[in-house]
Amino acid sequence: MQYVDARIVLEDGTVYPGRSVGAAGVAAGEACFTTASAGYEQAVTDPSYARQVLTFASPLVGNYGVDEALLESGRVWTEGVVMRRARPEWADWLAQRDVVALEEVDTRALVRRLREDGAMRCALGTAPVEELHATALSHPHLDWPRMLAEPELASPPPALDACVTEPFTVGTGPRVVVLDLGCKRSIVTRLVETGVEAVVVPGSWDAEAVLELDPAAVLIGNGPGDPAQLDGPVETVRELLGQVPLFGICLGHQLVGLALGLETFKLPFGHRGANHPVRVTGSKRVLVTAQNHGFAVAPGDAAEVSHVSLNDGTVEGLRGDGFETLQFHPEAAPGPHDAVPFFDRIADACRSAPTYAAS
């Protein structure tokens, strides 16, 4: 491979030089970072990273090759990838998928900058600094309040672009409808392993369409973007509450919070990695969790807080009559398996439903 000088430019004009190891061209998105040292192929194919440029804090990426069986979707969702050092097989894999990627970037300095000053738009590639800076400034914000302040930069919610267009079914057993807004494959896999049937449906479906499938439970999956943009799915969740046992993961957790009347807000630089400590409220138990989100739910009287982040005290789970949610990723793909029993609780709720309890 012939390496070409390249750079990533933040919206405030800060430049981090590097060299191109991916596709030619320019990419732009919101700059974010993950502290995970494994799971790079899962990360870039996770729809939650739509419209984002992902920096790996780990200094070497691609050290165990690429396993196609681990991909979380059928395509790469990250707009670009930034690394300190990339193994050739991994860099070639990104290039073959037209992903703009850089290495030899001072990722420690970049991560510190994002932690200190918060999430920023960026652009990367081999183009001149001035062009990259202008591209970064023209990229849409990912949070709704800033879109309203700059309507020319407003764009459709990325979650509605990331969901399936037609329903499909996996597994056998009590039926769980998965409302897809960019749900990872591994979530469905974990669910099916508990002995249930997962019917994955588009996130644009309303509550009536979901209930017509006669589910024993409903799971709202993860996905990208600001939950405050998703008026339709929030209304769907609001109508499902009390009708069927309801569970949420990541974006799904946030949508349940909004449906309950709680508020969501943008985190300064998000939670992304496989090593985030979370305390189970009312106990001394701590889970080490995998996380990938840029927004959080503010606590309120509408739901009990079941889990709390030990890093910043934000809400990591909600529970109430007929619902349970987690902000982190219990499927652990990759990550610690501390929270995998969440899927057993979904299966137990299905088997306790009147239809199945009587059979």
# chains A, B, ... in the order shown; residues from 1 in each chain; ligands from 1
>>> residues_around(residues="A:Glu79", least_positions_apart="2", cutoff="9 Å", atoms="only C-alpha atoms", output="list in words")
Ala27, Ala28, Gly29, Glu30, Val44, Tyr49, Ala50, Arg51, Gln52, Val53, Leu54, Val76, Trp77, Val81, Val99 and Val100 of chain A
>>> residues_around(residues="A:Pro88", least_positions_apart="3", cutoff="12 Å", atoms="only C-alpha atoms", output="list in words")
Met1, Gln2, Tyr3, Val21, Gly22, Leu60, Val61, Gly62, Asn63, Tyr64, Gly65, Val66, Arg85, Ala91, Asp92, Trp93, Leu94, Ala95 and Glu103 of chain A
>>> residues_around(residues="stretch 204-213 of chain A", least_positions_apart="6", cutoff="9 Å", atoms="only C-alpha atoms", output="MDAnalysis selection string")
chainID A and resid 160 163 175 177 179:181 232:233 235:240 243:244
>>> closest_atom_pairs(of="stretch 120-232 of chain A", to="stretch 275-296 of chain A", cutoff="12 Å", atoms="only C-alpha atoms", output="tab-separated table")
residue	atom	partner	partner_atom	distance
A:Met120	CA	A:Gly294	CA	11.9
A:Leu142	CA	A:Gly294	CA	9.4
A:Asp143	CA	A:Phe295	CA	8.9
A:Trp144	CA	A:Phe295	CA	11.3
A:Lys184	CA	A:Asn292	CA	11.6
A:Asn222	CA	A:His293	CA	9.1
A:Gly223	CA	A:His293	CA	8.9
A:Pro224	CA	A:His293	CA	8.0
A:Gly225	CA	A:Gly294	CA	8.0
A:Asp226	CA	A:Phe295	CA	6.8
A:Pro227	CA	A:Phe295	CA	7.9
A:Ala228	CA	A:Phe295	CA	9.8
>>> residues_around(residues="A:Thr172", least_positions_apart="6", cutoff="10 Å", atoms="only C-alpha atoms", output="number ranges by chain")
A: 192-199
>>> write_last_selection(atoms="all heavy atoms", output="mmCIF file, in the first residue's frame")
data_model
loop_
_atom_site.group_PDB
_atom_site.id
_atom_site.type_symbol
_atom_site.label_atom_id
_atom_site.label_comp_id
_atom_site.auth_asym_id
_atom_site.auth_seq_id
_atom_site.Cartn_x
_atom_site.Cartn_y
_atom_site.Cartn_z
ATOM 1 N N VAL A 192 -32.527 -14.833 20.863
ATOM 2 C CA VAL A 192 -32.944 -16.132 20.344
ATOM 3 C C VAL A 192 -32.319 -17.270 21.150
ATOM 4 O O VAL A 192 -32.935 -18.328 21.330
ATOM 5 C CB VAL A 192 -32.599 -16.235 18.847
ATOM 6 C CG1 VAL A 192 -32.790 -17.658 18.325
ATOM 7 C CG2 VAL A 192 -33.441 -15.262 18.036
ATOM 8 N N GLU A 193 -31.107 -17.060 21.658
ATOM 9 C CA GLU A 193 -30.436 -18.098 22.451
ATOM 10 C C GLU A 193 -31.197 -18.443 23.730
ATOM 11 O O GLU A 193 -30.970 -19.491 24.328
ATOM 12 C CB GLU A 193 -29.013 -17.659 22.793
ATOM 13 C CG GLU A 193 -28.063 -17.727 21.608
ATOM 14 C CD GLU A 193 -26.697 -17.124 21.920
ATOM 15 O OE1 GLU A 193 -26.540 -16.519 22.998
ATOM 16 O OE2 GLU A 193 -25.785 -17.273 21.086
ATOM 17 N N THR A 194 -32.096 -17.549 24.175
ATOM 18 C CA THR A 194 -32.886 -17.832 25.374
ATOM 19 C C THR A 194 -34.112 -18.691 25.076
ATOM 20 O O THR A 194 -34.872 -19.023 25.990
ATOM 21 C CB THR A 194 -33.340 -16.525 26.054
ATOM 22 O OG1 THR A 194 -34.278 -15.846 25.199
ATOM 23 C CG2 THR A 194 -32.171 -15.624 26.361
ATOM 24 N N GLY A 195 -34.324 -19.039 23.803
ATOM 25 C CA GLY A 195 -35.443 -19.895 23.444
ATOM 26 C C GLY A 195 -36.707 -19.158 23.077
ATOM 27 O O GLY A 195 -37.814 -19.661 23.310
ATOM 28 N N VAL A 196 -36.575 -17.963 22.496
ATOM 29 C CA VAL A 196 -37.742 -17.216 22.051
ATOM 30 C C VAL A 196 -37.678 -17.011 20.545
ATOM 31 O O VAL A 196 -36.639 -17.212 19.917
ATOM 32 C CB VAL A 196 -37.854 -15.841 22.759
ATOM 33 C CG1 VAL A 196 -37.878 -16.019 24.268
ATOM 34 C CG2 VAL A 196 -36.719 -14.907 22.337
ATOM 35 N N GLU A 197 -38.803 -16.598 19.981
ATOM 36 C CA GLU A 197 -38.864 -16.202 18.581
ATOM 37 C C GLU A 197 -38.745 -14.682 18.508
ATOM 38 O O GLU A 197 -39.517 -13.980 19.155
ATOM 39 C CB GLU A 197 -40.181 -16.643 17.965
ATOM 40 C CG GLU A 197 -40.380 -16.184 16.527
ATOM 41 C CD GLU A 197 -41.787 -16.433 16.033
ATOM 42 O OE1 GLU A 197 -42.710 -15.701 16.441
ATOM 43 O OE2 GLU A 197 -41.962 -17.378 15.232
ATOM 44 N N ALA A 198 -37.779 -14.193 17.761
ATOM 45 C CA ALA A 198 -37.600 -12.753 17.591
ATOM 46 C C ALA A 198 -38.138 -12.344 16.230
ATOM 47 O O ALA A 198 -37.686 -12.853 15.196
ATOM 48 C CB ALA A 198 -36.135 -12.374 17.710
ATOM 49 N N VAL A 199 -39.111 -11.425 16.237
ATOM 50 C CA VAL A 199 -39.638 -10.864 14.993
ATOM 51 C C VAL A 199 -39.155 -9.416 14.924
ATOM 52 O O VAL A 199 -39.594 -8.571 15.708
ATOM 53 C CB VAL A 199 -41.177 -10.915 14.950
ATOM 54 C CG1 VAL A 199 -41.677 -10.356 13.616
ATOM 55 C CG2 VAL A 199 -41.672 -12.338 15.150
#
>>> atom_distance(atom1="atom CA of A:Glu89", atom2="atom CA of A:Leu70")
15.7 Å
>>> closest_residue(among="A:Glu11, A:Ala109, A:Arg75, A:Val297", to="A:Phe265", atoms="only C-alpha atoms")
A:Val297
>>> closest_residue(among="A:Thr314, A:Ser73, A:Thr14, A:Gln327", to="A:Arg121", atoms="only C-alpha atoms")
A:Thr14
>>> closest_residue(among="A:His329, A:His271, A:Arg345, A:Lys266", to="A:Leu246", atoms="only C-alpha atoms")
A:Arg345
>>> select_by_dssp(residues="stretch 89-136 of chain A", states="helix (DSSP H, G or I)", output="number ranges by chain")
A: 89-96, 107-117, 129-136
>>> closest_residue(among="A:Thr165, A:Ser186, A:Ser20, A:Thr325", to="A:Gly248", atoms="only C-alpha atoms")
A:Thr325
